[in-house]
Every structure is written in structure tokens, then in C-alpha cells.
Amino acid sequence: MRRTEGGPHAGRTEGKPSAGRSGAGSRAAGRTEGASRVAGADGKPRVGRTGGEPRDGRPEGKRRRHVLARTAAFVGRTVRGEWYGIVVDPLRELRRRGPAALLLAFVACAGVIFFHAIAQHPAGATAVRVLGGVQGDLPLWVALLRTPVSLYVPALDLPVWAGITQLFLAFALAELALGRRRTLLIAYGSTLAGTLTVRVMLAAGPGWWGLGLPPEVGQVLDTGPSAAVVGLFTYLSVVRHAPVVFVLTGGSMVWESIAKPNLAGREHLVAVAAALAMGLVHERGRRRREAATKVQDMVPV
């Protein structure tokens, strides 16, 4: 017997969907709801990200290749900029000014060769030690008088010709890029910083977290021209924005101090720090001057 619309059980069949269609309806409603969640402002659904897909929509392999390409391009630009700032620009200056622009480099190499030659004889070695030998146990005024000459006194236990090559490159590039006055200032300042710091370490004595030195180190000769070479390369890397040269110079000094901890390694690290500080001060002053010039150009006359 069929139920009528007005019967007591009217609406039950219409109100409850069948069991077979309820799951499909729920899944369809879920899909509709999910589509509405990813729908854009124009009503069109956006394609959602899967778990392994990056934010920019690129596959992982393409993303890695893109990062490697950008890194290689950055390294290439950096090396190219350093090549022009450290080598090409000084060579152009040398072509414009001629060999006279390398006066400091020639004088430094001639001084090292001269002192090395006379130090091969006992009397000459004594004269070299008296004129340019700087030690930590000397009176301060004597050390200050000998420090300028120590720039040309090579270490007798190292190959002199390899040192001369580094000395010539450092002074030549610095003289062409910085000028004679600033080259001498950086070379002397780096050497003097190492000499004075050693005296402070000797005064502190052993200990002080490994920074102090025992008294017997005061009888060891200082580094000579190598501290000036390290300081010039470090200063050039700062003012010419050459991070590769800076890492090579500073990293080699750190490795030297770790592999062979001695007085020379400490003085080289001090020279790097002193040249770095002088370079940062110069760059700060240059930026201030540039900012002041821009402000003056903006002011109407």
C-alpha cells in the first residue's frame, strides 16, 4: 500500500538520502568545498602545490640549477671586478706614468737584496742586526728607530727570492693604486702595529688565554718586510672591494698561525687586523665625503 503525501511518515524518505548515495555526496561536497578554498578572486580555481613542489612552481631540479647559475654568475662578477681593481687599473696607471711609478717597489727590492748580501758575512750580519733588527726586549725608542729599516731586512731563514717577488708585487700594486704616501703609511703602520703588539704580549706574560708571551720571545727578531706585504694586500682588498684577495691573504695568515704558532704568525695576524682597520676607516671617510657632495649638489644655488 503506497504512502500518501499527507501520511504520518511523509517526508522521511525525502529527508534521508540512501546509504549508497550518501558517501558519494559527501565526497562531492568535499571536492566542491576544497575547490572553493583554492578559488581565486575571479572565481577560477588555482592549482595547489604538492608536497615536494617549491613555492615558485619550479621543479626541484630546475630550482637547484637556477641557484647554481646565480652563484656562478655572482662569483664571476666578483672575480672580474677584483681583476680590474687589483690588476687592470694599476697596469693602466703604469702605462700612463711609466716605470717611475714603481719607485717604492724598486727601492724595497734593492734594499732587501742589499741587506741580504751583506748579511752573508759575520760583520755584515752584525751591522744588519744593529741597523734594522727589531726585538721585543729592546728599549722602545731603539725599536722605533730601527722599525723603518726593518722593512728591508729579510728573514735569514727564508728564501729571499720568493720574498722579493711578493714584496715587489705588494709595493708595485699599492703604489699604482694608492700613491706613494699612502703606500708608505700602510706598510709602516702594519709593521709598527705588529712590533708594538708584541711588546704588549710580552708585558702580559704567559697566560691570558694564550695571548701573552714568555720573556724569551723578546730575543726573537720581528718579521721584517713580510708584515708590510700582508698589510698592503689586506688594505688593497678592502679599498678595492676584493673579497677573494682578502680571504686568501687573511686565510693564509690564520693557517700559518695555526700550523706553525710562532712570533711571525702573530705579527702577521696583527698586520692584517691593522690594515683592515685602516681600510675600513678610509672607506667610511670616503662614503661621508660622497654623501656630503651629493647633498651639496642637491642644494639649489
# chains A, B, ... in the order shown; residues from 1 in each chain; ligands from 1
$ select_by_dssp --residues "segment 74-257 of chain A" --states "helix (DSSP H, G or I)" --output "VMD selection string"
chain A and resid 74 to 97 99 to 118 122 to 132 140 to 150 160 to 178 180 to 204 215 to 219 225 to 239 243 to 257
$ closest_atom_pairs --of "segment 64-115 of chain A" --to "segment 179-186 of chain A" --cutoff "10 Å" --atoms "only C-alpha atoms" --output "Markdown table"
| residue | atom | partner | partner_atom | distance |
| --- | --- | --- | --- | --- |
| A:Ala101 | CA | A:Arg180 | CA | 8.6 |
| A:Leu102 | CA | A:Arg180 | CA | 9.1 |
| A:Leu103 | CA | A:Arg180 | CA | 8.5 |
| A:Leu104 | CA | A:Arg180 | CA | 7.1 |
| A:Ala105 | CA | A:Arg180 | CA | 9.9 |
$ write_last_selection --atoms "N, CA and C atoms" --output "JSON list (two decimals), in the first residue's frame"
[["chain", "number", "residue", "atom", "x", "y", "z"],
["A", 101, "ALA", "N", 106.65, 55.20, -11.76],
["A", 101, "ALA", "CA", 105.58, 54.97, -10.80],
["A", 101, "ALA", "C", 105.88, 53.80, -9.87],
["A", 102, "LEU", "N", 106.92, 53.03, -10.15],
["A", 102, "LEU", "CA", 107.28, 51.87, -9.34],
["A", 102, "LEU", "C", 108.52, 52.13, -8.49],
["A", 103, "LEU", "N", 108.73, 53.38, -8.11],
["A", 103, "LEU", "CA", 109.93, 53.74, -7.36],
["A", 103, "LEU", "C", 110.00, 53.00, -6.03],
["A", 104, "LEU", "N", 108.91, 52.96, -5.28],
["A", 104, "LEU", "CA", 108.92, 52.30, -3.98],
["A", 104, "LEU", "C", 109.19, 50.80, -4.12],
["A", 105, "ALA", "N", 108.63, 50.18, -5.13],
["A", 105, "ALA", "CA", 108.84, 48.75, -5.34],
["A", 105, "ALA", "C", 110.30, 48.45, -5.64]]
$ closest_residue --among "A:Arg65, A:Val239, A:Gly81, A:Leu221" --to "Gly285 of chain A" --atoms "only C-alpha atoms"
A:Val239
$ residues_around --residues "Leu280 of chain A" --least-positions-apart "2" --cutoff "12 Å" --atoms "only C-alpha atoms" --output "JSON, numbers by chain"
{"A": [234, 235, 236, 237, 238, 239, 240, 241, 273, 274, 275, 276, 277, 278, 282, 283, 284, 285, 286, 287]}
$ atom_distance --atom1 "atom CA of Val87 of chain A" --atom2 "atom CA of Gln166 of chain A"
14.5 Å
$ residues_around --residues "Ala117 of chain A" --least-positions-apart "3" --cutoff "12 Å" --atoms "only C-alpha atoms" --output "number ranges by chain"
A: 110-114, 120-125, 127-128, 152-154, 156, 160
$ atom_distance --atom1 "atom CA of Ile118 of chain A" --atom2 "atom CA of Asp222 of chain A"
18.8 Å
$ residues_around --residues "segment 203-220 of chain A" --least-positions-apart "6" --cutoff "10 Å" --atoms "only C-alpha atoms" --output "list in words"
Gly133, Val134, Gln135, Gly136, Asp137, Leu138, Thr197, Asn262, Leu263, Ala264 and Arg266 of chain A
$ closest_residue --among "A:Val79, A:Met298, A:Val281, A:Ala271" --to "Gly224 of chain A" --atoms "only C-alpha atoms"
A:Ala271
$ atom_distance --atom1 "atom CA of Ala73 of chain A" --atom2 "atom CA of Glu93 of chain A"
28.5 Å
$ closest_residue --among "A:Ala228, A:Val198, A:Met253, A:Leu248" --to "Leu140 of chain A" --atoms "only C-alpha atoms"
A:Val198
